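Everything below belongs to my_file_34.txt, which stores compact mmCIF, C-alpha atoms.
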```
# COMPACT_ATOMS: atom_id res chain seq x y z
CA MET A 1 -17.51 -21.17 6.57
CA ALA A 2 -16.56 -21.46 10.24
CA VAL A 3 -13.73 -19.04 10.95
CA THR A 4 -11.98 -18.25 14.23
CA ILE A 5 -9.89 -15.15 14.90
CA LYS A 6 -7.06 -14.72 17.38
CA HIS A 7 -5.59 -11.24 17.86
CA LEU A 8 -1.79 -11.09 18.03
CA PRO A 9 0.71 -8.32 18.91
CA HIS A 10 1.92 -5.79 16.31
CA SER A 11 -1.45 -5.52 14.51
CA GLU A 12 -1.56 -9.11 13.34
CA VAL A 13 -4.27 -11.74 13.58
CA GLU A 14 -4.38 -15.50 13.29
CA VAL A 15 -7.28 -16.74 11.18
CA ALA A 16 -8.24 -20.43 11.29
CA GLY A 17 -10.78 -22.28 9.18
CA GLU A 18 -11.43 -25.26 7.00
CA VAL A 19 -12.38 -26.13 3.42
CA SER A 20 -15.08 -28.75 3.08
CA ALA A 21 -14.20 -32.17 1.69
CA GLN A 22 -16.49 -31.45 -1.26
CA ASP A 23 -14.73 -28.20 -2.11
CA LEU A 24 -11.34 -29.85 -1.73
CA GLU A 25 -12.40 -32.57 -4.16
CA GLY A 26 -13.43 -29.90 -6.66
CA ALA A 27 -10.01 -28.30 -6.27
CA TRP A 28 -8.41 -31.75 -6.76
CA GLU A 29 -10.19 -32.16 -10.08
CA LYS A 30 -8.96 -28.73 -11.13
CA ALA A 31 -5.38 -29.62 -10.18
CA VAL A 32 -5.53 -32.87 -12.16
CA LYS A 33 -6.99 -31.07 -15.18
CA GLU A 34 -4.16 -28.51 -15.04
CA ALA A 35 -1.55 -31.28 -14.76
CA VAL A 36 -3.02 -33.18 -17.71
CA ALA A 37 -2.92 -30.05 -19.87
CA GLU A 38 0.78 -29.53 -19.08
CA THR A 39 2.01 -33.15 -19.22
CA GLU A 40 3.18 -35.17 -22.22
CA LEU A 41 3.42 -38.97 -21.82
CA PRO A 42 4.70 -41.59 -24.30
CA GLY A 43 1.92 -42.62 -26.65
CA PHE A 44 -0.22 -39.58 -25.89
CA ARG A 45 -0.27 -36.08 -27.22
CA LYS A 46 0.26 -33.29 -24.72
CA GLY A 47 -2.95 -32.75 -22.79
CA LYS A 48 -4.47 -36.07 -23.85
CA ALA A 49 -3.04 -38.50 -21.27
CA PRO A 50 -5.48 -40.09 -18.77
CA GLY A 51 -5.68 -38.34 -15.42
CA GLU A 52 -4.75 -41.51 -13.52
CA MET A 53 -1.50 -41.88 -15.46
CA VAL A 54 -0.62 -38.21 -15.00
CA THR A 55 -1.34 -38.49 -11.27
CA ARG A 56 1.02 -41.47 -10.96
CA LYS A 57 3.74 -39.62 -12.88
CA ILE A 58 3.52 -36.39 -10.89
CA GLY A 59 2.63 -37.91 -7.54
CA GLU A 60 -0.64 -37.72 -5.61
CA ASP A 61 0.93 -35.75 -2.75
CA ARG A 62 2.21 -33.04 -5.08
CA LEU A 63 -1.14 -32.76 -6.82
CA LEU A 64 -2.96 -32.66 -3.49
CA HIS A 65 -0.90 -29.68 -2.38
CA ARG A 66 -1.66 -27.98 -5.68
CA ALA A 67 -5.34 -28.65 -5.02
CA ALA A 68 -4.92 -27.10 -1.58
CA GLU A 69 -3.52 -23.96 -3.22
CA PHE A 70 -6.58 -23.72 -5.44
CA ALA A 71 -8.94 -24.32 -2.52
CA LEU A 72 -7.27 -21.79 -0.26
CA GLY A 73 -7.19 -19.24 -3.06
CA GLN A 74 -10.98 -19.38 -2.97
CA ALA A 75 -11.38 -19.79 0.79
CA TRP A 76 -9.05 -17.02 2.04
CA PRO A 77 -10.91 -13.97 0.62
CA LYS A 78 -14.23 -15.39 1.86
CA ALA A 79 -12.78 -16.11 5.31
CA ILE A 80 -11.48 -12.60 5.95
CA GLU A 81 -14.66 -11.07 4.57
CA GLU A 82 -16.76 -13.21 6.90
CA ALA A 83 -14.52 -12.36 9.84
CA GLY A 84 -14.44 -8.64 9.00
CA VAL A 85 -10.63 -8.67 8.86
CA GLN A 86 -8.97 -5.79 6.97
CA ALA A 87 -5.88 -7.72 5.94
CA ILE A 88 -2.84 -5.99 4.46
CA GLY A 89 -0.12 -7.86 2.66
CA LEU A 90 0.00 -11.58 1.92
CA PRO A 91 -0.99 -14.14 4.58
CA ASP A 92 1.37 -16.77 5.96
CA ILE A 93 -0.84 -19.85 5.55
CA GLN A 94 -0.14 -23.15 7.30
CA ILE A 95 -1.95 -26.35 6.33
CA LEU A 96 -2.89 -28.38 9.42
CA LYS A 97 -4.70 -31.33 7.83
CA LEU A 98 -4.79 -32.37 4.18
CA ALA A 99 -6.27 -35.64 2.93
CA ARG A 100 -8.74 -36.48 0.19
CA GLY A 101 -12.20 -37.18 1.50
CA ASN A 102 -11.63 -34.94 4.52
CA PRO A 103 -11.94 -31.21 5.20
CA LEU A 104 -8.79 -29.18 4.65
CA GLU A 105 -7.85 -27.53 7.96
CA TRP A 106 -5.68 -24.40 7.87
CA LYS A 107 -4.59 -21.33 9.78
CA ALA A 108 -3.02 -18.11 8.61
CA ARG A 109 -1.16 -15.21 10.14
CA VAL A 110 -1.62 -11.80 8.53
CA ALA A 111 -1.12 -8.12 9.30
CA VAL A 112 -4.23 -5.98 9.60
CA LEU A 113 -4.96 -2.28 9.49
CA PRO A 114 -4.21 -1.14 13.03
CA GLU A 115 -6.53 0.71 15.33
CA VAL A 116 -5.69 4.41 15.31
CA VAL A 117 -6.45 6.22 18.55
CA LEU A 118 -6.41 9.91 17.71
CA PRO A 119 -5.87 12.79 20.14
CA ALA A 120 -8.13 15.86 20.14
CA TYR A 121 -6.96 16.69 16.62
CA GLN A 122 -9.43 19.52 16.18
CA ASP A 123 -8.03 21.30 19.24
CA ILE A 124 -4.48 20.76 17.97
CA ALA A 125 -5.44 22.24 14.60
CA ARG A 126 -7.11 25.27 16.21
CA GLY A 127 -4.07 25.83 18.40
CA MET A 128 -1.74 25.85 15.40
CA ARG A 129 -3.93 27.89 13.04
CA ALA A 130 -3.12 31.34 14.42
CA PRO A 131 0.67 30.83 14.31
CA LEU A 132 0.28 29.47 10.75
CA GLU A 133 -1.64 32.51 9.55
CA LYS A 134 0.89 34.82 11.18
CA VAL A 135 3.81 33.04 9.57
CA LEU A 136 2.18 32.96 6.12
CA THR A 137 1.16 36.62 6.24
CA GLY A 138 4.57 37.78 7.43
CA ARG A 139 6.42 35.55 4.99
CA ALA A 140 4.29 36.67 2.06
CA GLY A 141 5.09 40.31 2.84
CA PHE A 142 8.78 39.53 3.13
CA LEU A 143 8.75 37.70 -0.20
CA GLU A 144 6.96 40.53 -1.93
CA LYS A 145 9.64 42.98 -0.81
CA SER A 146 12.42 40.54 -1.73
CA MET A 147 11.03 40.07 -5.21
CA GLU A 148 10.87 43.80 -5.74
CA LYS A 149 14.55 44.06 -4.88
CA ASP A 150 15.66 41.07 -6.90
CA GLY A 151 13.28 39.42 -9.33
CA LYS A 152 16.05 37.15 -10.55
CA ASN A 153 16.29 35.13 -7.33
CA GLU A 154 13.82 32.51 -8.54
CA ASN A 155 15.21 29.55 -6.59
CA LYS A 156 14.89 31.32 -3.27
CA THR A 157 11.41 32.53 -4.15
CA GLU A 158 10.27 28.99 -4.98
CA LYS A 159 11.81 27.53 -1.84
CA ASP A 160 10.26 30.14 0.44
CA SER A 161 6.97 30.60 -1.41
CA PRO A 162 3.73 30.69 0.61
CA GLU A 163 2.74 27.37 -1.01
CA ARG A 164 5.93 25.69 0.17
CA ILE A 165 5.62 27.20 3.62
CA LYS A 166 2.02 26.04 3.84
CA GLU A 167 3.11 22.53 2.88
CA LYS A 168 5.67 22.54 5.69
CA GLN A 169 3.06 23.82 8.13
CA ARG A 170 0.71 21.03 7.12
CA LEU A 171 3.43 18.48 7.80
CA THR A 172 4.09 20.10 11.17
CA LEU A 173 0.38 19.86 12.01
CA LEU A 174 0.20 16.25 10.86
CA GLU A 175 3.29 15.34 12.88
CA ALA A 176 1.78 16.97 15.99
CA ILE A 177 -1.34 14.85 15.61
CA ALA A 178 0.54 11.66 14.73
CA THR A 179 2.95 12.04 17.66
CA GLN A 180 0.02 12.10 20.07
CA SER A 181 -1.80 9.24 18.34
CA SER A 182 -1.62 5.64 19.49
CA ILE A 183 -0.82 3.29 16.58
CA GLU A 184 0.61 -0.22 16.75
CA LEU A 185 2.21 -0.10 13.32
CA PRO A 186 2.49 -3.44 11.48
CA ALA A 187 5.91 -4.10 9.99
CA VAL A 188 4.44 -4.73 6.53
CA LEU A 189 3.26 -1.11 6.25
CA LYS A 190 6.66 0.28 7.13
CA GLU A 191 8.37 -2.08 4.68
CA ALA A 192 5.96 -0.99 1.94
CA GLU A 193 6.84 2.65 2.60
CA LYS A 194 10.56 1.86 2.43
CA ILE A 195 10.11 0.21 -0.96
CA LYS A 196 8.05 3.16 -2.16
CA MET A 197 10.75 5.60 -1.02
CA ALA A 198 13.42 3.62 -2.86
CA GLN A 199 11.28 3.67 -6.00
CA GLU A 200 10.84 7.43 -5.69
CA LEU A 201 14.60 7.88 -5.29
CA ARG A 202 15.30 5.69 -8.29
CA ALA A 203 12.76 7.53 -10.46
CA GLY A 204 14.25 10.86 -9.41
CA LEU A 205 17.76 9.75 -10.35
CA GLU A 206 16.64 8.38 -13.71
CA ALA A 207 14.81 11.65 -14.41
CA ILE A 208 18.13 13.49 -14.31
CA GLY A 209 19.95 10.84 -16.33
CA LEU A 210 21.63 8.85 -13.53
CA LYS A 211 21.57 5.06 -13.49
CA TRP A 212 20.54 3.34 -10.26
CA GLU A 213 23.54 0.98 -10.39
CA ASP A 214 25.95 3.89 -10.82
CA TYR A 215 24.37 5.71 -7.88
CA LEU A 216 24.76 2.66 -5.62
CA ALA A 217 28.37 2.27 -6.71
CA HIS A 218 29.05 5.97 -6.04
CA ILE A 219 27.67 5.92 -2.48
CA LYS A 220 29.11 2.41 -1.90
CA LYS A 221 25.85 0.89 -0.68
CA ASN A 222 23.58 -1.94 -1.79
CA GLU A 223 19.79 -1.77 -2.10
CA GLN A 224 19.19 -3.30 1.33
CA GLU A 225 21.37 -0.65 2.96
CA ILE A 226 19.35 2.01 1.13
CA LEU A 227 16.12 0.49 2.47
CA ASP A 228 17.53 0.27 6.00
CA GLY A 229 18.41 3.95 5.84
CA PHE A 230 14.74 4.78 5.21
CA ASP A 231 13.57 3.06 8.39
CA GLY A 232 12.76 6.12 10.49
CA GLU A 233 11.21 8.17 7.71
CA ALA A 234 9.18 5.18 6.49
CA ASP A 235 7.78 4.69 9.97
CA LYS A 236 6.72 8.34 10.06
CA ARG A 237 5.15 8.25 6.60
CA ALA A 238 3.16 5.11 7.40
CA ARG A 239 1.82 6.69 10.59
CA PHE A 240 0.95 9.90 8.73
CA GLY A 241 -1.05 7.91 6.19
CA LEU A 242 -2.99 6.08 8.89
CA VAL A 243 -3.77 9.31 10.74
CA LEU A 244 -5.07 11.01 7.60
CA ARG A 245 -7.16 7.95 6.77
CA GLU A 246 -8.68 7.85 10.26
CA ILE A 247 -9.52 11.56 10.31
CA ALA A 248 -11.15 11.24 6.88
CA LYS A 249 -13.19 8.31 8.19
CA ARG A 250 -14.35 10.20 11.26
CA GLU A 251 -15.18 13.34 9.31
CA HIS A 252 -16.91 11.40 6.51
CA ILE A 253 -14.53 12.71 3.87
CA ASP A 254 -14.96 10.58 0.77
CA PRO A 255 -14.03 12.04 -2.65
CA SER A 256 -16.60 11.39 -5.35
CA PRO A 257 -15.88 9.28 -8.45
CA GLN A 258 -16.18 12.47 -10.51
CA GLU A 259 -13.48 14.19 -8.45
CA VAL A 260 -11.20 11.17 -8.81
CA GLU A 261 -11.81 10.99 -12.56
CA GLU A 262 -10.97 14.67 -12.97
CA ARG A 263 -7.76 14.33 -10.95
CA VAL A 264 -6.67 11.33 -13.01
CA ARG A 265 -7.33 13.34 -16.17
CA GLN A 266 -5.09 16.10 -14.83
CA MET A 267 -2.35 13.60 -13.97
CA LEU A 268 -2.21 11.80 -17.32
CA PRO A 269 -0.26 14.50 -19.25
CA ALA A 270 2.68 13.85 -16.92
CA TYR A 271 3.08 10.45 -18.62
CA ALA A 272 4.25 9.87 -22.16
CA PRO A 273 1.59 8.46 -24.54
CA GLU A 274 3.32 5.07 -24.55
CA GLU A 275 3.46 5.01 -20.74
CA GLN A 276 -0.24 5.81 -20.52
CA LYS A 277 -1.04 2.58 -22.38
CA HIS A 278 0.53 0.52 -19.60
CA LEU A 279 -0.73 2.43 -16.57
CA ASP A 280 -2.57 0.49 -13.88
CA LYS A 281 -5.89 2.37 -13.87
CA ASN A 282 -6.99 1.10 -10.45
CA ARG A 283 -3.67 2.05 -8.90
CA LEU A 284 -3.75 5.50 -10.48
CA GLU A 285 -7.32 6.07 -9.29
CA SER A 286 -6.40 4.94 -5.79
CA TYR A 287 -3.48 7.37 -5.75
CA ALA A 288 -5.70 10.21 -7.01
CA TYR A 289 -8.31 9.37 -4.38
CA GLY A 290 -5.69 9.58 -1.62
CA ILE A 291 -4.39 12.92 -2.85
CA ILE A 292 -7.86 14.44 -2.93
CA ARG A 293 -8.88 12.93 0.41
CA ASN A 294 -5.75 14.14 2.17
CA GLY A 295 -6.19 17.63 0.72
CA LYS A 296 -9.75 17.75 2.03
CA VAL A 297 -8.59 16.62 5.47
CA PHE A 298 -6.07 19.46 5.64
CA GLU A 299 -8.62 21.98 4.40
CA LEU A 300 -10.98 20.86 7.14
CA LEU A 301 -8.30 21.17 9.83
CA GLU A 302 -7.30 24.59 8.56
CA SER A 303 -10.89 25.81 8.63
CA LEU A 304 -11.48 24.99 12.30
```
For the file at hand, write its structure as structure tokens.
Amino acid sequence: MAVTIKHLPHSEVEVAGEVSAQDLEGAWEKAVKEAVAETELPGFRKGKAPGEMVTRKIGEDRLLHRAAEFALGQAWPKAIEEAGVQAIGLPDIQILKLARGNPLEWKARVAVLPEVVLPAYQDIARGMRAPLEKVLTGRAGFLEKSMEKDGKNENKTEKDSPERIKEKQRLTLLEAIATQSSIELPAVLKEAEKIKMAQELRAGLEAIGLKWEDYLAHIKKNEQEILDGFDGEADKRARFGLVLREIAKREHIDPSPQEVEERVRQMLPAYAPEEQKHLDKNRLESYAYGIIRNGKVFELLESL
């Protein structure tokens, strides 16, 4: 398949190609077969009418566009694989030429994983390690004394625990690296983070017995206003994810299937038995993989 690539601003590309006349004809036959199966004509049982009659009823142009959908559904994955394009999100496909007996010409615009130009992240990590150790050591001593004085102050202990402090320090380190990184962030990644944040908020509210609709009514906002309010944080989270991914790539950090399987096993008890039946296994494994990978990246940076 002949494919051409044109790089566009904001981490997008334009991919152009064509589907052969032979492949388009195969897709046409598939479209007609589908239409026949779904159409009932006088004198014929459903699915038994001749293809020519069904085509006349539905319209050749409509069926041809359905055939184009079938053909492009096959052609698009092959095209981006051939071109080495790491597409994210759905493509915006435009049909340029569509006629039976001729190749189907098309072009598509799609966001791609952006290039991430990292700073000297190892030097940044080394520069922040000593202050981190000092803070953790001092804080741990302070907490130990505080707990001796008042063992009942559990909330404060949890908030200021070494684990929580370490988590904040990791975010500080990641932000330092991300701030000095060059990333042309595609809009689709930021929008995906905004949706994820809204889902997290909704799940958190439902966990404490609050309905999403009641929450929106209480704060006098609609869902779009909630999403808009996440804009800045979503941008940061998307950049953080790309930075962690790039460091893992450069440092050859790749969790094993066994590690992922074990993490998934540890995560399952958090779901009710009925929920476990409907879990998307691939999605859960991908999430577990990311958690493990990111943890290994931080451990590497902290060991420098």
Exercise. Within 12 Å of (0.0, -10.3, 18.6), only C-alpha atoms: residues as an NGL selection string?
Worked result: :A and (5-14 or 109-112 or 114 or 184-186)
Exercise. So how many Å separate CA of Gly26 in chain A and CA of Ala79 in chain A, to one decimal?
Worked result: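 Separation between CA of Gly26 in chain A and CA of Ala79 in chain A: 18.3 Å.
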Problem set entry | CA of Phe298 in chain A to CA of Ala120 in chain A, straight-line distance in Å |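 Taking CA of Ala120 in chain A and CA of Phe298 in chain A, their separation equals 15.1 Å.
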For this session: Please identify all polymer residues lying at most 12 Å from the point (-3.3, -39.9, -21.4) (file coordinates), using only C-alpha atoms, and present the result as an MDAnalysis selection string.
Result: chainID A and resid 32:33 35:57
For this session: Tell me which protein, DNA and RNA residues are within 12 Å of Ile195 in chain A, counting all atoms listed in the file, leaving out same-chain ones fewer than 2 positions away, and put them as a ChimeraX atom specification.
Result: /A:188-193,197-202,223-231,233-234,238
For this session: Could you check which of A:Leu96, A:Ile253, A:Ala207, A:Val15 is closest to Leu300 in chain A, using only C-alpha atoms?
Result: A:Ile253
Exercise. Expressed in Å to a single decimal, how great is the separation between CA of Ala108 in chain A and CA of Ile95 in chain A?
Worked result: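 Atom-to-atom, CA of Ala108 in chain A to CA of Ile95 in chain A, that is 8.6 Å.
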For this session: Find the residues near Ala125 in chain A: any atom within 9 Å, counting all atoms listed in the file, skip ones fewer than 5 places away on the same chain, and give them as a list of chain:residue names.
Result: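 Counting all atoms listed in the file, the residues come to A:Ala120, A:Leu173, A:Ile177, A:Leu301, A:Glu302, A:Ser303, A:Leu304.
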Can I get the selection written as a compact mmCIF listing (two decimals), in the frame of the given file, with C-alpha atoms?
```txt
# COMPACT_ATOMS: atom_id res chain seq x y z
CA ALA A 120 -8.13 15.86 20.14
CA LEU A 173 0.38 19.86 12.01
CA ILE A 177 -1.34 14.85 15.61
CA LEU A 301 -8.30 21.17 9.83
CA GLU A 302 -7.30 24.59 8.56
CA SER A 303 -10.89 25.81 8.63
CA LEU A 304 -11.48 24.99 12.30
```
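For range 18-20 of chain A, the list of residues within 10 Å, based on all atoms listed in the file and with local chain neighbours fewer than 5 positions off taken out, reads Met1, Ala2, Val3, Glu25, Gly26, Ala68, Ala71, Leu72, Gln74, Ala75, Trp76, Ala79, Ile95, Leu96, Lys97, Leu98, Gly101, Asn102, Pro103, Leu104, Glu105, Trp106 and Lys107 of chain A.
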For this session: For range 255-265 of chain A, list every protein, DNA or RNA residue within 9 Å, evaluated using only C-alpha atoms, and leave out those in the same chain fewer than 4 positions away; present the list as a ChimeraX atom specification.
Result: /A:269,284-293,296
Could those residues be written to a file, using C-alpha atoms, as a PDB file, keeping the file's coordinate frame?
```
ATOM      1  CA  PRO A 269      -0.260  14.500 -19.250  1.00  0.00           C
ATOM      2  CA  LEU A 284      -3.750   5.500 -10.480  1.00  0.00           C
ATOM      3  CA  GLU A 285      -7.320   6.070  -9.290  1.00  0.00           C
ATOM      4  CA  SER A 286      -6.400   4.940  -5.790  1.00  0.00           C
ATOM      5  CA  TYR A 287      -3.480   7.370  -5.750  1.00  0.00           C
ATOM      6  CA  ALA A 288      -5.700  10.210  -7.010  1.00  0.00           C
ATOM      7  CA  TYR A 289      -8.310   9.370  -4.380  1.00  0.00           C
ATOM      8  CA  GLY A 290      -5.690   9.580  -1.620  1.00  0.00           C
ATOM      9  CA  ILE A 291      -4.390  12.920  -2.850  1.00  0.00           C
ATOM     10  CA  ILE A 292      -7.860  14.440  -2.930  1.00  0.00           C
ATOM     11  CA  ARG A 293      -8.880  12.930   0.410  1.00  0.00           C
ATOM     12  CA  LYS A 296      -9.750  17.750   2.030  1.00  0.00           C
TER      13      LYS A 296
END
```
Seminar exercise, completed: In terms of all atoms listed in the file, the residue from A:Arg164, A:Lys249, A:Glu115, A:Phe240 at minimal distance from Ile183 in chain A is A:Glu115
For this session: Tell me, as a PyMOL selection string, which residues lie within 9 Å of Leu205 in chain A, counting only C-alpha atoms; anything in the same chain fewer than 6 positions away does not count.
Result: chain A and resi 211-212+215
